[in-house]
Protein chains: 2
Amino acid sequence: MSVNRLFEPESIAVIGASAAEGKIGHAAMANAHLFSGNVYPVNPNASGKLLDYRCYESIEDIDEDVDLALLCVPRHIIPDVIEQCGRAGVGGVVIYAAGFSEVSEEGAGIEAEIVSSARDYGIEVLGPNTSGFINTHQGVYASFVSDSQTVEPGNVSVVAQSGGINHVLMFMASAEGIGLSKAIGLGNACKTGFSEVISHLDADSDTESIILHVEGTDDARDLLETCRSAETPVTVYKVGQADVSEFAASHTGAMVGDYDLYEAGCAQYGVPMVNSCQELIDAGYTLSALPEPAGTNVALVTGQAGPGIAITDRLKGSGATLPSFSPETCDTIEGILPGLTYVSNPVDTGQPPGEAEYSELLETIAADDMVDILMVYQLYEERVDYPLGTLVRIVEEEGIPVVFATNGPTPKVDDGLAVFRSAGIPAFRSPERGADAVSILVEYAATNVGPLAPEAEVSSDD
Amino acid sequence: MSVNRLFEPESIAVIGASAAEGKIGHAAMANAHLFSGNVYPVNPNASGKLLDYRCYESIEDIDEDVDLALLCVPRHIIPDVIEQCGRAGVGGVVIYAAGFSEVSEEGAGIEAEIVSSARDYGIEVLGPNTSGFINTHQGVYASFVSDSQTVEPGNVSVVAQSGGINHVLMFMASAEGIGLSKAIGLGNACKTGFSEVISHLDADSDTESIILHVEGTDDARDLLETCRSAETPVTVYKVGQADVSEFAASHTGAMVGDYDLYEAGCAQYGVPMVNSCQELIDAGYTLSALPEPAGTNVALVTGQAGPGIAITDRLKGSGATLPSFSPETCDTIEGILPGLTYVSNPVDTGQPPGEAEYSELLETIAADDMVDILMVYQLYEERVDYPLGTLVRIVEEEGIPVVFATNGPTPKVDDGLAVFRSAGIPAFRSPERGADAVSILVEYAATNVGPLAPEAEVSSDD
């Protein structure tokens with residue numbers, strides 16, 4: 001339960017709070033200032049007020065049991081501070097400092113001391129060696145990176161092994177107008193790791209989709225089992241296809257080198273894997289926004305053949321099926337648009353159809369029993385409207401997930417994409433990103449549709 | 001030589017010019033209107049003026065030998081129009097209409113007739129079944145797609161088999177602030193194909209880099225040989241890893257299914273291959289902006305370990321080497337930044353160094369004989385400037401290509417990227433896109449550095 005006090009605090013203390021610009025204790029205070037609950041700057045050398053908050057000499061002087069303490073203090077005094085937090089009834093701490101198990105035996109010793117003391121007091125620990133986390137819906141910006149507060153609330157949650165990647169993902173989501181619920185950088189994960197955080201997010205009503213950045217863990221099997229048992233869709237970006245173990249060990253102390261194990265486990269458990277931060281954001285957003293597809297059959301409607309071929313190529317490569325439509329659907333299509341360029345699946349509409357014909361075409365295809373997922377691509381053209389209303393109707397009334405992609409002049413297309421996204425339809429400025437979003441739905445459906453093979457067990461001994 | 005008159009015209013006729021919105025002849029006139037040379041609307045039913053240009057009943061009525069005629073007329077009258085163009089001394093035509101070899105025997109017959117007649121008269125033919133081309137430096141927007149004129153002049157040229165993909169690439173470049181020189185959609189390529197166009201662009205002083213979208217050709221060997229012999233770097237996006245042959249045949253009549261042949265040929269000839277439109281644009285831009293690397297050794301300097309590990313993973317996967325620095329370089333680095341997080345390659349600077357130290361660090365690394373390419377990643381932080389001046393100096397004075405990547409809040413980061421790009425440094429808003437740009441340099445260097453193996457011959461019989 002104490003992980004709730006860490007990630008959903010009602011009060012925050014900043015230990016090592018500072019008025020000096022450039023210090024982590026200053027940046028953390030600036031971000032904590034956005035929090036609407038109680039905020040307590042703690043610094044033995046400070047007195048008076050900091051950003052209008054009364055300063056405390058010690059966490060033990062505060063009248064309430066603080067939920068979350070941000071430790072902006074040097075490595076060597078952290079064990080003492082944890083003891084103080086324990087006596088003060090703190091629920092969870094974030095340790096920003098580095099220099100622990102990732103660098104030396106001595107550091108590993110201090111880290112073990114912290115874990116032992118935190119266990120005794122029942123304190124959850126994020127880090128050490130992390131840039132922190134954010135919880136947008138409750139205004140908690142427990143990070144020392146500037147501009148973290150620019151991330152908008154949404155329904156995707158991030159769990160990144162690296163604090164740096166956590167911020168990459170936060171800023172990428174922000175740049176695309178995609179909101180986040182929580183974004184958590186684990187760092188060394190000395191006590192609170194993937195499993196605890198994923199389980200917490202799975203129960204979080206603000207989280208519809210979880211995305212993971214993984215360098216490596218001691219217990220891949222446990223992580224994979226947690227992903228499998230989560231009700232919320234999980235997508236994984238596992239770094240380490242090539243040998244990056246030396247550098248990674250110096251970073252978060254992670255054991256890297258089990259890429260194949262993750263690949264096999266994720267395939268088996270229906271956990272889509274991606275290969276970049278951008279794909280991870282796109283995947284998380286797509287799974288958060290759309291209903292779960294009933295299967296892996298995709299219908300593609302494209303206004304231009306070239307992008308349609310590139311999309312088809314990518315979809316087939318990811319295991320999607322592009323089934324033939326029923327004879328009735330084909331007849332209806334030919335009735336709506338006689339002389340259509342290509343009446344099979346994909347459907348190439350060629351010259352843009354009129355609004356009513358286009359709507360009827362899309363609704364006919366979405367209503368075909370063979371279709372589980374609909375993707376639509378069209379180049380922006382001044383005199384053609386995007387079929388937004390029809391696509392929203394298809395998602396809401398038919399329960400068919402829909403992905404839209406387009407290209408065209410800035411800012412007209414940016415405005416168009418923003419409208420799609422605010423209506424809940426994932427929309428991308430690239431044929432391939434659209435195809436990849438559909439592929440994620442396909443991968444997610446592929447395993448979740450059928451029963452798990454009984455012999456399907458991932459072994460971490462592989 | 002006649003391909004020059006097609007792509008670098010001094011006069012343009014629009015055959016089938018129209019005042020009616022929604023017609024191709026209207027859109028083509030609107031785009032031709034931007035051209036500073038002579039423009040001649042041609043329409044047997046028109047009289048008077050169109051957009052201030054005198055209308056002609058026939059191309060044969062025009063006093064000068066027109067360089068480029070845009071044929072905005074239906075399929076069945078095109079053979080006649082080609083005859084008229086031949087008698088009128090036209091240099092090249094663009095045929096927008098579809099319905100030729102890609103759809104039927106009858107269409108193939110008409111296409112053959114066109115080719116034969118164009119050969120007799122020495123007319124070059126772009127298309128049929130294309131949306132045309134643009135030549136930004138000369139203000140030629142010979143496309144019927146709206147907003148084509150928003151593409152800025154630059155040094156990358158596009159050759160796309162699909163007119164649709166040509167416009168995808170145009171708009172993607174535009175959205176990134178990347179300028180183009182020519183962007184040409186081949187369509188059915190009945191007479192003017194990849195080889196003629198690539199040779200033309202190779203000799204074009206405005207083109208520093210050529211990017212190709214390929215569905216398939218009858219003569220892959222000829223295309224690969226043309227890429228090899230070009231002085232200008234060429235990058236290829238070959239669609240058709242999965243089976244898309246039926247749909248592709250209905251599009252441009254292309255033979256798809258030789259992906260492995262392209263892969264082998266490109267690897268052998270030092271032609272980088274990519275897997276999406278975005279990667280193609282990034283690759284073309286990177287090769288156009290930077291000096292050719294002397295080898296495949298990459299130095300990576302990162303402010304954050306997590307993105308650095310993701311970049312290293314990707315670089316190693318693409319065949320890059322991250323060599324150790326010389327002992328002197330290591331000593332100097334440790335002198336500049338004592339207690340650095342990770343002093344090997346990649347260099348993890350950890351907390352941002354001061355401006356002078358950062359500059360010295362980067363210059364020391366770039367000056368190491370082991371380093372052919374430098375990549376720098378750092379998260380945006382309010383109090384840290386990007387090392388733009390230093391990186392420009394490294395490119396200009398050391399001749400070392402440099403790629404920069406970052407993430408951070410919009411619009412601060414967008415502004416930063418724009419400044420980098422206008423200074424000639426490829427800069428990306430993603431660790432992986434930055435890594436992919438470096439990988440392109442590595443792949444390009446890999447073959448061009450060493451001699452070609454004598455037995456290295458691509459056979460199209462494979």
# chains A, B, ... in the order shown; residues from 1 in each chain; ligands from 1
>>> interface_residues(of="chain A", to="chain B", cutoff="7 Å", atoms="only C-alpha atoms", output="PyMOL selection string")
chain A and resi 146-147+162+164-165+168+171+175+239-244+247-248+251+276+304-307+309-310+312-313+316-317+381-382+407-410+432
>>> write_last_selection(atoms="N, CA, C and O atoms", output="tab-separated table (two decimals), in the first residue's frame")
chain	number	residue	atom	x	y	z
A	146	SER	N	13.95	20.73	-15.72
A	146	SER	CA	13.12	21.90	-16.00
A	146	SER	C	12.07	21.56	-17.04
A	146	SER	O	12.25	20.68	-17.88
A	147	ASP	N	10.95	22.22	-16.98
A	147	ASP	CA	9.83	22.09	-17.92
A	147	ASP	C	9.07	20.78	-17.81
A	147	ASP	O	8.24	20.49	-18.66
A	162	SER	N	15.47	4.31	-17.08
A	162	SER	CA	16.35	5.47	-17.07
A	162	SER	C	15.56	6.74	-16.85
A	162	SER	O	14.57	7.00	-17.54
A	164	GLY	N	16.57	9.61	-17.67
A	164	GLY	CA	16.73	10.39	-18.90
A	164	GLY	C	15.68	10.00	-19.93
A	164	GLY	O	15.02	10.86	-20.53
A	165	ILE	N	15.50	8.70	-20.13
A	165	ILE	CA	14.49	8.24	-21.09
A	165	ILE	C	13.08	8.62	-20.62
A	165	ILE	O	12.21	8.97	-21.42
A	168	VAL	N	12.72	11.96	-21.93
A	168	VAL	CA	12.58	11.91	-23.40
A	168	VAL	C	11.12	11.59	-23.74
A	168	VAL	O	10.49	12.27	-24.57
A	171	PHE	N	8.68	14.48	-22.93
A	171	PHE	CA	8.73	15.60	-23.88
A	171	PHE	C	8.21	15.19	-25.26
A	171	PHE	O	7.62	16.00	-25.97
A	175	ALA	N	5.15	16.97	-27.13
A	175	ALA	CA	5.29	17.57	-28.47
A	175	ALA	C	4.19	17.09	-29.41
A	175	ALA	O	3.83	17.77	-30.36
A	239	VAL	N	15.89	-2.05	-24.60
A	239	VAL	CA	17.16	-1.65	-25.19
A	239	VAL	C	18.16	-2.78	-24.99
A	239	VAL	O	18.07	-3.53	-24.01
A	240	GLY	N	19.09	-2.92	-25.90
A	240	GLY	CA	20.14	-3.91	-25.71
A	240	GLY	C	20.10	-5.05	-26.70
A	240	GLY	O	20.37	-6.19	-26.35
A	241	GLN	N	19.77	-4.75	-27.96
A	241	GLN	CA	19.89	-5.77	-29.01
A	241	GLN	C	21.36	-6.02	-29.30
A	241	GLN	O	21.78	-7.14	-29.50
A	242	ALA	N	22.13	-4.93	-29.33
A	242	ALA	CA	23.59	-5.06	-29.45
A	242	ALA	C	24.17	-5.07	-28.02
A	242	ALA	O	23.45	-4.92	-27.05
A	243	ASP	N	25.46	-5.26	-27.93
A	243	ASP	CA	26.09	-5.34	-26.60
A	243	ASP	C	26.34	-3.93	-26.05
A	243	ASP	O	27.25	-3.23	-26.49
A	244	VAL	N	25.53	-3.53	-25.11
A	244	VAL	CA	25.72	-2.23	-24.46
A	244	VAL	C	25.89	-2.44	-22.96
A	244	VAL	O	25.66	-1.54	-22.16
A	247	PHE	N	28.36	-0.06	-20.64
A	247	PHE	CA	27.84	1.29	-20.42
A	247	PHE	C	26.58	1.23	-19.54
A	247	PHE	O	26.42	2.02	-18.62
A	248	ALA	N	25.71	0.26	-19.82
A	248	ALA	CA	24.46	0.17	-19.05
A	248	ALA	C	24.73	-0.13	-17.59
A	248	ALA	O	24.06	0.40	-16.70
A	251	HIS	N	25.39	2.74	-15.63
A	251	HIS	CA	24.26	3.68	-15.59
A	251	HIS	C	23.34	3.34	-14.44
A	251	HIS	O	23.33	4.02	-13.42
A	276	SER	N	11.83	2.12	-30.53
A	276	SER	CA	12.28	3.51	-30.33
A	276	SER	C	11.31	4.20	-29.38
A	276	SER	O	10.19	3.74	-29.16
A	304	GLN	N	-4.23	7.27	-51.78
A	304	GLN	CA	-3.09	7.23	-52.69
A	304	GLN	C	-2.48	5.84	-52.60
A	304	GLN	O	-2.27	5.32	-51.50
A	305	ALA	N	-2.17	5.28	-53.76
A	305	ALA	CA	-1.69	3.90	-53.78
A	305	ALA	C	-0.30	3.77	-53.14
A	305	ALA	O	-0.04	2.83	-52.38
A	306	GLY	N	0.62	4.68	-53.45
A	306	GLY	CA	2.00	4.54	-52.97
A	306	GLY	C	2.09	4.41	-51.45
A	306	GLY	O	2.66	3.45	-50.93
A	307	PRO	N	1.53	5.37	-50.71
A	307	PRO	CA	1.52	5.22	-49.26
A	307	PRO	C	0.77	3.96	-48.83
A	307	PRO	O	1.17	3.30	-47.87
A	309	ILE	N	0.66	1.11	-50.34
A	309	ILE	CA	1.55	-0.05	-50.51
A	309	ILE	C	2.58	-0.09	-49.38
A	309	ILE	O	2.85	-1.16	-48.81
A	310	ALA	N	3.13	1.06	-49.04
A	310	ALA	CA	4.10	1.10	-47.94
A	310	ALA	C	3.45	0.64	-46.63
A	310	ALA	O	4.05	-0.10	-45.84
A	312	THR	N	0.74	-1.35	-46.34
A	312	THR	CA	0.42	-2.78	-46.46
A	312	THR	C	1.66	-3.62	-46.19
A	312	THR	O	1.62	-4.64	-45.48
A	313	ASP	N	2.77	-3.19	-46.75
A	313	ASP	CA	4.05	-3.88	-46.58
A	313	ASP	C	4.38	-4.02	-45.09
A	313	ASP	O	4.71	-5.10	-44.58
A	316	LYS	N	1.74	-6.28	-43.12
A	316	LYS	CA	1.95	-7.72	-43.34
A	316	LYS	C	3.18	-8.20	-42.59
A	316	LYS	O	3.20	-9.29	-42.03
A	317	GLY	N	4.21	-7.37	-42.58
A	317	GLY	CA	5.44	-7.73	-41.87
A	317	GLY	C	5.21	-7.92	-40.37
A	317	GLY	O	5.95	-8.64	-39.71
A	381	GLU	N	-5.75	17.37	-49.03
A	381	GLU	CA	-6.05	18.18	-50.21
A	381	GLU	C	-7.02	19.27	-49.80
A	381	GLU	O	-7.96	19.02	-49.04
A	382	GLU	N	-6.77	20.45	-50.33
A	382	GLU	CA	-7.50	21.63	-49.88
A	382	GLU	C	-9.02	21.43	-49.93
A	382	GLU	O	-9.74	21.84	-49.04
A	407	ASN	N	-0.51	13.19	-44.69
A	407	ASN	CA	0.62	14.12	-44.84
A	407	ASN	C	0.10	15.34	-45.58
A	407	ASN	O	-0.84	15.24	-46.36
A	408	GLY	N	0.76	16.45	-45.34
A	408	GLY	CA	0.34	17.67	-46.03
A	408	GLY	C	1.07	18.84	-45.43
A	408	GLY	O	1.98	18.68	-44.61
A	409	PRO	N	0.67	20.04	-45.87
A	409	PRO	CA	1.40	21.24	-45.44
A	409	PRO	C	1.17	21.56	-43.97
A	409	PRO	O	0.07	21.39	-43.45
A	410	THR	N	2.24	21.97	-43.29
A	410	THR	CA	2.15	22.54	-41.95
A	410	THR	C	1.61	23.95	-42.13
A	410	THR	O	2.00	24.62	-43.09
A	432	GLU	N	3.97	5.29	-42.30
A	432	GLU	CA	4.57	4.19	-41.53
A	432	GLU	C	4.22	4.28	-40.05
A	432	GLU	O	4.04	3.24	-39.40
>>> select_by_dssp(residues="stretch 118-184 of chain A", states="strand (DSSP E)", output="list in words")
Glu124, Val125, Leu126, Gly132, Phe133, Ile134, Asn135, Val140, Tyr141, Ala142, Ser143, Pro153, Gly154, Asn155, Val156, Ser157, Val158, Val159, Ala160, Leu180, Ser181, Lys182, Ala183 and Ile184 of chain A
>>> residues_around(residues="B:Leu287", least_positions_apart="6", cutoff="9 Å", atoms="only C-alpha atoms", output="compact mmCIF listing (two decimals) with C-alpha atoms, in the first residue's frame")
# COMPACT_ATOMS: atom_id res chain seq x y z
CA VAL B 156 18.05 17.18 -51.37
CA GLU B 208 23.86 17.31 -52.88
CA SER B 209 21.95 14.14 -52.01
CA ILE B 210 19.39 11.95 -53.79
CA PRO B 233 25.11 10.12 -52.30
CA VAL B 234 21.97 8.07 -52.95
CA THR B 235 19.73 6.52 -50.27
CA ALA B 437 21.27 9.61 -39.18
CA ILE B 440 23.46 6.37 -42.62
CA LEU B 441 26.85 8.12 -42.56
CA TYR B 444 27.74 5.30 -46.70
>>> closest_residue(among="B:Ile178, B:Pro387, B:Ser326, B:Ser117", to="B:Ala418", atoms="only C-alpha atoms")
B:Ile178
>>> atom_distance(atom1="atom CA of B:Glu102", atom2="atom CA of B:Pro9")
28.5 Å
>>> residues_around(residues="A:Gly25", least_positions_apart="3", cutoff="9 Å", atoms="only C-alpha atoms", output="MDAnalysis selection string")
chainID A and resid 14:22 28:30 70:73 144
>>> write_last_selection(atoms="all heavy atoms", output="JSON list (two decimals), in the first residue's frame")
[["chain", "number", "residue", "atom", "x", "y", "z"],
["A", 14, "VAL", "N", 10.51, 18.58, 0.73],
["A", 14, "VAL", "CA", 11.71, 18.66, -0.11],
["A", 14, "VAL", "C", 12.90, 18.78, 0.83],
["A", 14, "VAL", "O", 13.14, 19.85, 1.40],
["A", 14, "VAL", "CB", 11.64, 19.85, -1.08],
["A", 14, "VAL", "CG1", 12.91, 19.90, -1.94],
["A", 14, "VAL", "CG2", 10.41, 19.74, -1.98],
["A", 15, "ILE", "N", 13.62, 17.66, 1.00],
["A", 15, "ILE", "CA", 14.73, 17.66, 1.96],
["A", 15, "ILE", "C", 16.00, 18.07, 1.22],
["A", 15, "ILE", "O", 16.41, 17.42, 0.26],
["A", 15, "ILE", "CB", 14.88, 16.27, 2.62],
["A", 15, "ILE", "CG1", 13.56, 15.92, 3.34],
["A", 15, "ILE", "CG2", 16.07, 16.25, 3.58],
["A", 15, "ILE", "CD1", 13.56, 14.59, 4.07],
["A", 16, "GLY", "N", 16.58, 19.18, 1.68],
["A", 16, "GLY", "CA", 17.68, 19.79, 0.94],
["A", 16, "GLY", "C", 17.16, 20.90, 0.04],
["A", 16, "GLY", "O", 17.82, 21.30, -0.91],
["A", 17, "ALA", "N", 15.96, 21.42, 0.36],
["A", 17, "ALA", "CA", 15.38, 22.53, -0.41],
["A", 17, "ALA", "C", 16.34, 23.71, -0.38],
["A", 17, "ALA", "O", 16.99, 23.96, 0.64],
["A", 17, "ALA", "CB", 14.03, 22.92, 0.19],
["A", 18, "SER", "N", 16.44, 24.41, -1.50],
["A", 18, "SER", "CA", 17.43, 25.48, -1.59],
["A", 18, "SER", "C", 16.90, 26.65, -2.40],
["A", 18, "SER", "O", 16.10, 26.49, -3.33],
["A", 18, "SER", "CB", 18.69, 24.92, -2.26],
["A", 18, "SER", "OG", 19.57, 25.96, -2.59],
["A", 19, "ALA", "N", 17.37, 27.84, -2.02],
["A", 19, "ALA", "CA", 17.01, 29.04, -2.78],
["A", 19, "ALA", "C", 18.04, 29.31, -3.87],
["A", 19, "ALA", "O", 17.89, 30.24, -4.66],
["A", 19, "ALA", "CB", 16.91, 30.23, -1.84],
["A", 20, "ALA", "N", 19.10, 28.47, -3.93],
["A", 20, "ALA", "CA", 20.19, 28.74, -4.88],
["A", 20, "ALA", "C", 19.91, 28.07, -6.23],
["A", 20, "ALA", "O", 19.82, 26.86, -6.33],
["A", 20, "ALA", "CB", 21.51, 28.21, -4.30],
["A", 21, "GLU", "N", 19.77, 28.91, -7.27],
["A", 21, "GLU", "CA", 19.54, 28.39, -8.61],
["A", 21, "GLU", "C", 20.66, 27.45, -9.04],
["A", 21, "GLU", "O", 21.83, 27.68, -8.71],
["A", 21, "GLU", "CB", 19.44, 29.53, -9.63],
["A", 21, "GLU", "CG", 18.03, 30.02, -9.79],
["A", 21, "GLU", "CD", 17.86, 30.81, -11.07],
["A", 21, "GLU", "OE1", 18.19, 30.27, -12.14],
["A", 21, "GLU", "OE2", 17.41, 31.97, -10.98],
["A", 22, "GLY", "N", 20.30, 26.40, -9.75],
["A", 22, "GLY", "CA", 21.32, 25.47, -10.21],
["A", 22, "GLY", "C", 21.39, 24.25, -9.32],
["A", 22, "GLY", "O", 21.91, 23.22, -9.73],
["A", 28, "ALA", "N", 13.69, 21.14, -7.53],
["A", 28, "ALA", "CA", 12.64, 20.31, -6.94],
["A", 28, "ALA", "C", 11.60, 21.18, -6.24],
["A", 28, "ALA", "O", 10.40, 20.93, -6.31],
["A", 28, "ALA", "CB", 13.24, 19.30, -5.97],
["A", 29, "MET", "N", 12.05, 22.23, -5.55],
["A", 29, "MET", "CA", 11.11, 23.16, -4.89],
["A", 29, "MET", "C", 10.24, 23.86, -5.93],
["A", 29, "MET", "O", 9.03, 24.01, -5.74],
["A", 29, "MET", "CB", 11.87, 24.22, -4.08],
["A", 29, "MET", "CG", 12.08, 23.91, -2.62],
["A", 29, "MET", "SD", 10.61, 23.32, -1.74],
["A", 29, "MET", "CE", 9.60, 24.81, -1.64],
["A", 30, "ALA", "N", 10.87, 24.30, -7.02],
["A", 30, "ALA", "CA", 10.11, 25.01, -8.05],
["A", 30, "ALA", "C", 9.00, 24.11, -8.59],
["A", 30, "ALA", "O", 7.87, 24.57, -8.83],
["A", 30, "ALA", "CB", 11.04, 25.45, -9.18],
["A", 70, "LEU", "N", 11.24, 14.26, -1.08],
["A", 70, "LEU", "CA", 12.20, 14.31, -2.19],
["A", 70, "LEU", "C", 13.57, 14.59, -1.61],
["A", 70, "LEU", "O", 13.79, 15.66, -1.01],
["A", 70, "LEU", "CB", 11.79, 15.41, -3.17],
["A", 70, "LEU", "CG", 10.31, 15.39, -3.62],
["A", 70, "LEU", "CD1", 10.04, 16.54, -4.60],
["A", 70, "LEU", "CD2", 9.98, 14.06, -4.26],
["A", 71, "LEU", "N", 14.50, 13.65, -1.76],
["A", 71, "LEU", "CA", 15.80, 13.79, -1.10],
["A", 71, "LEU", "C", 16.81, 14.45, -2.03],
["A", 71, "LEU", "O", 17.43, 13.81, -2.88],
["A", 71, "LEU", "CB", 16.33, 12.42, -0.65],
["A", 71, "LEU", "CG", 15.37, 11.56, 0.18],
["A", 71, "LEU", "CD1", 16.15, 10.44, 0.89],
["A", 71, "LEU", "CD2", 14.58, 12.37, 1.19],
["A", 72, "CYS", "N", 16.97, 15.77, -1.85],
["A", 72, "CYS", "CA", 17.90, 16.55, -2.67],
["A", 72, "CYS", "C", 19.18, 16.75, -1.87],
["A", 72, "CYS", "O", 19.63, 17.89, -1.68],
["A", 72, "CYS", "CB", 17.27, 17.89, -3.03],
["A", 72, "CYS", "SG", 15.63, 17.73, -3.75],
["A", 73, "VAL", "N", 19.75, 15.67, -1.41],
["A", 73, "VAL", "CA", 20.94, 15.75, -0.55],
["A", 73, "VAL", "C", 22.00, 14.81, -1.09],
["A", 73, "VAL", "O", 21.71, 13.89, -1.84],
["A", 73, "VAL", "CB", 20.58, 15.37, 0.92],
["A", 73, "VAL", "CG1", 19.58, 16.38, 1.49],
["A", 73, "VAL", "CG2", 20.01, 13.96, 0.99],
["A", 144, "PHE", "N", 13.62, 16.91, -11.06],
["A", 144, "PHE", "CA", 14.44, 18.12, -11.03],
["A", 144, "PHE", "C", 14.74, 18.65, -12.43],
["A", 144, "PHE", "O", 15.50, 19.59, -12.60],
["A", 144, "PHE", "CB", 15.76, 17.87, -10.26],
["A", 144, "PHE", "CG", 16.65, 16.82, -10.87],
["A", 144, "PHE", "CD1", 17.46, 17.12, -11.97],
["A", 144, "PHE", "CD2", 16.68, 15.54, -10.35],
["A", 144, "PHE", "CE1", 18.29, 16.15, -12.52],
["A", 144, "PHE", "CE2", 17.51, 14.57, -10.91],
["A", 144, "PHE", "CZ", 18.31, 14.87, -12.00]]
